[in-house]
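As structure tokens, the structure follows; a few thoughts come after it.
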Amino acid sequence: MLKSYRIADRRLRPNDSSLKTATIVIMSNPSKEEQATICRQFDLEPLTFQFCNAPEEVARFHQTPSTVLDHPNLLVLYDFIADRHRIEDQLAPAILIWDQDHLVVCTAAAGDCQSILEEAATDSPTVIELVMTLVNHWQDRLMTALMKYKPEIDKLDRGARKTIENDELRHLTNLIRRLVFFEHTMNDQNDTLAAFLKSPAVEDIDTQVILDTQTKQRRLNKAIHIFRDLLESISGLFTAMMDNNLNHLMKFLDSAALVIAIPALVTGFMGMNVGGLPWKGDPYGFWLTFIISIVIALAAAYYLNHKEYTD
């Protein structure tokens with residue numbers, strides 16, 4: 001999908017003429033034909049949007065060559081698309097290309113982007129102010145998505161103290177996987193955002209706005225690291241509980257084997273095919289041997305239980 005707009009009377013209005021006359025161009029999951037159209041209209045590198053729909057795209061900021069735009073900048077950051085299922089699809093790249101009079105946005109959330117720009121247009125913003133508005137909005141969406149993991153982590157923490165069921169372990173693995181993607185994505189974005197906020201491109205932006213953007217990114221990083229550490233702690237707790245349960249099971253089995261071995265030992269002695277064994281010809285010899293074996297086994301079981309070897 002490709003739409004173009006111009007800002008008039010503090011409103012975002014559809015642009016019906018050439019893309020070059022538009023103030024804002026929004027693309028969402030563009031086809032190869034739409035990518036080629038944008039690159040041809042604004043004389044951009046043909047591969048500018050090659051990975052716009054793929055998780056292989058990387059965050060970056062630099063000037064990009066163009067004979068149509070006036071020294072345009074290219075900024076690639078990440079947005080969070082909540083209605084997708086896989087984390088590698090939810091962390092979607094968002095591409096911005098702009099000069100003083102034009103802004104090209106490639107995002108998976110075109111409707112959301114349009115709403116943000118329509119609201120921002122009421123203040124008669126410059127193009128770079130629109131860019132900062134989108135950057136801050138995407139950071140807010142990332143933080144909102146990240147904070148939704150906190151109740152899941154708390155639930156796993158409570159569950160880890162009571163159970164080691166397969167469902168809990170699968171949930172833990174899935175959550176770790178999501179946070180790994182989140183962490184690497186934000187590590188990729190950190191340097192890019194820092195370079196952008198230190199560049200001449202934002203020299204007209206209020207210092208407080210820049211500080212707010214930097215603070216949001218630091219909060220994202222801190223939250224990710226805290227959540228990863230919490231999950232590692234929970235994973236360690238699961239492992240310790242499984243080891244502890246296995247140790248108790250082995251102690252119980254060893255104790256049970258010892259108790260069972262006692263009657264086997266007694267009856268083994270009494271069943272030897274040699275002379276001189278007690279009760280050899282006694283009709284009650286079997287029952288006497290049986291009772292002695294059981295008594296000794298019960299005494300051993302009581303002793304082991306008293307020593308807590310069966311816990």
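Going through the structure tokens in order, the chains are called A, B, and so on, while each chain numbers its residues from 1 and the ligands are numbered from 1 in the order shown.
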Mind checking which residues fall within 12 Å of Thr21 in chain A, counting only C-alpha atoms, ignoring those fewer than 6 positions away in the same chain, and posting them as a list in words? Ser4, Tyr5, Arg6, Ile7, Pro14, Asn15, Gln41, Phe42, Val68, Leu69, Asp101, His102 and Leu103 of chain A
Written file, previous selection with N, CA, C and O atoms, as a CSV table (one decimal), in the first residue's frame:
chain,number,residue,atom,x,y,z
A,4,SER,N,0.0,9.1,-0.4
A,4,SER,CA,0.8,10.3,-0.2
A,4,SER,C,-0.2,11.4,0.3
A,4,SER,O,-1.4,11.4,0.0
A,5,TYR,N,0.4,12.4,1.0
A,5,TYR,CA,-0.4,13.4,1.6
A,5,TYR,C,0.4,14.7,1.5
A,5,TYR,O,1.6,14.7,1.4
A,6,ARG,N,-0.4,15.8,1.7
A,6,ARG,CA,0.3,17.1,1.9
A,6,ARG,C,-0.4,17.8,3.1
A,6,ARG,O,-1.5,17.4,3.5
A,7,ILE,N,0.3,18.6,3.8
A,7,ILE,CA,-0.2,19.3,4.9
A,7,ILE,C,-0.7,20.7,4.5
A,7,ILE,O,0.0,21.5,4.0
A,14,PRO,N,-5.1,14.2,1.3
A,14,PRO,CA,-4.6,13.3,0.3
A,14,PRO,C,-3.9,14.1,-0.8
A,14,PRO,O,-4.4,15.2,-1.2
A,15,ASN,N,-2.9,13.6,-1.4
A,15,ASN,CA,-2.2,14.2,-2.5
A,15,ASN,C,-2.6,13.5,-3.8
A,15,ASN,O,-2.4,12.3,-3.9
A,41,GLN,N,10.9,7.6,-8.3
A,41,GLN,CA,10.4,9.0,-8.1
A,41,GLN,C,11.3,9.9,-7.4
A,41,GLN,O,11.5,11.1,-7.7
A,42,PHE,N,12.0,9.4,-6.3
A,42,PHE,CA,12.9,10.2,-5.5
A,42,PHE,C,14.3,9.9,-5.7
A,42,PHE,O,15.2,10.4,-5.0
A,68,VAL,N,16.8,14.2,-6.4
A,68,VAL,CA,15.4,14.8,-6.2
A,68,VAL,C,15.3,15.4,-4.9
A,68,VAL,O,14.8,16.6,-4.7
A,69,LEU,N,15.7,14.7,-3.8
A,69,LEU,CA,15.6,15.2,-2.5
A,69,LEU,C,16.9,16.0,-2.1
A,69,LEU,O,17.9,15.8,-2.7
A,101,ASP,N,11.5,19.2,3.0
A,101,ASP,CA,10.1,19.3,2.5
A,101,ASP,C,9.4,18.0,2.3
A,101,ASP,O,8.2,18.0,1.9
A,102,HIS,N,10.1,16.9,2.5
A,102,HIS,CA,9.5,15.6,2.2
A,102,HIS,C,9.8,14.6,3.3
A,102,HIS,O,10.9,14.6,3.9
A,103,LEU,N,8.8,13.7,3.5
A,103,LEU,CA,9.0,12.6,4.5
A,103,LEU,C,8.4,11.3,3.9
A,103,LEU,O,7.2,11.3,3.5
Per DSSP on the backbone, filter range 40-269 of chain A down to the residues in helix (DSSP H, G or I) and report them as JSON, numbers by chain. {"A": [40, 41, 87, 88, 89, 90, 110, 111, 112, 113, 114, 115, 116, 117, 118, 119, 120, 121, 127, 128, 129, 130, 131, 132, 133, 134, 135, 136, 137, 138, 139, 140, 141, 142, 143, 144, 145, 146, 147, 149, 150, 151, 152, 153, 154, 155, 156, 157, 158, 159, 160, 166, 167, 168, 169, 170, 171, 172, 173, 174, 175, 176, 177, 178, 179, 180, 181, 182, 183, 184, 185, 186, 187, 188, 189, 190, 191, 192, 193, 194, 195, 196, 197, 200, 201, 202, 207, 208, 209, 210, 211, 212, 213, 214, 215, 216, 217, 218, 219, 220, 221, 222, 223, 224, 225, 226, 227, 228, 229, 230, 231, 232, 233, 234, 235, 236, 237, 238, 239, 240, 241, 242, 243, 244, 245, 246, 247, 248, 249, 250, 251, 252, 253, 254, 255, 256, 257, 258, 259, 260, 261, 262, 263, 264, 265, 266, 267, 268, 269]}
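Residues of range 45-277 of chain A that DSSP places in strand (DSSP E or B), based on the backbone of this structure, are Arg60, Phe61, His62, Gln63, Asn73, Leu74, Leu75, Val76, Leu77, Tyr78, Asp79, Phe80, Leu91, Ala92, Pro93, Ala94, Ile95, Leu96, Ile97, Trp98, Leu103, Val104, Val105 and Cys106 of chain A.
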With the cut-off set at 8 Å and counting only C-alpha atoms, tabulate each residue of range 170-252 of chain A with an atom at most that distance from an atom of range 70-85 of chain A, showing the nearest atom pair and its distance in Å to one decimal, ordered by chain and increasing number, as a Markdown table.
| residue | atom | partner | partner_atom | distance |
| --- | --- | --- | --- | --- |
| A:Thr185 | CA | A:Tyr78 | CA | 7.8 |
| A:Gln189 | CA | A:Leu77 | CA | 6.2 |
| A:Thr192 | CA | A:Leu77 | CA | 7.9 |
| A:Leu193 | CA | A:Leu77 | CA | 7.9 |
| A:Phe196 | CA | A:Leu75 | CA | 7.8 |
| A:Ala201 | CA | A:Asn73 | CA | 8.0 |
Selection from above, N, CA and C atoms, as a PDB file, in the first residue's frame, can you write it?
ATOM      1  N   THR A 185      17.417  -6.638  19.240  1.00  0.00           N
ATOM      2  CA  THR A 185      16.850  -5.558  18.437  1.00  0.00           C
ATOM      3  C   THR A 185      17.178  -4.202  19.040  1.00  0.00           C
ATOM      4  N   GLN A 189      19.422  -1.009  17.821  1.00  0.00           N
ATOM      5  CA  GLN A 189      18.851   0.335  17.696  1.00  0.00           C
ATOM      6  C   GLN A 189      19.610   1.382  18.499  1.00  0.00           C
ATOM      7  N   THR A 192      22.297   3.424  16.618  1.00  0.00           N
ATOM      8  CA  THR A 192      21.647   4.187  15.548  1.00  0.00           C
ATOM      9  C   THR A 192      20.936   5.417  16.096  1.00  0.00           C
ATOM     10  N   LEU A 193      20.167   5.211  17.164  1.00  0.00           N
ATOM     11  CA  LEU A 193      19.426   6.327  17.745  1.00  0.00           C
ATOM     12  C   LEU A 193      20.378   7.359  18.347  1.00  0.00           C
ATOM     13  N   PHE A 196      21.773   9.406  15.524  1.00  0.00           N
ATOM     14  CA  PHE A 196      20.743  10.310  15.003  1.00  0.00           C
ATOM     15  C   PHE A 196      20.557  11.517  15.914  1.00  0.00           C
ATOM     16  N   ALA A 201      20.979  16.807  11.946  1.00  0.00           N
ATOM     17  CA  ALA A 201      19.589  16.695  11.500  1.00  0.00           C
ATOM     18  C   ALA A 201      18.602  17.137  12.570  1.00  0.00           C
TER      19      ALA A 201
END
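CA of Asp254 in chain A is positioned 20.4 Å from CA of Thr267 in chain A.
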Nearest to Leu12 in chain A among A:Pro65, A:Pro125, A:Pro283, A:Pro30, with distances taken over only C-alpha atoms: which residue is it? A:Pro125
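Each of A:Ile128, A:Asp206, A:Leu246, A:Gln90 was compared to Arg178 in chain A using only C-alpha atoms, and A:Gln90 turns out to be the nearest.
Remark: for Ile95 in chain A, the closest of the candidate residues A:Ala121, A:Leu2, A:Met27, A:Leu156 is A:Met27 (distances computed over only C-alpha atoms).
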Hey, which of A:Ala8, A:Leu220, A:Ala194, A:Val266 ends up closest to Leu142 in chain A? Count only C-alpha atoms. A:Leu220
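In this structure, CA of Leu304 in chain A sits 9.0 Å away from CA of Val259 in chain A.
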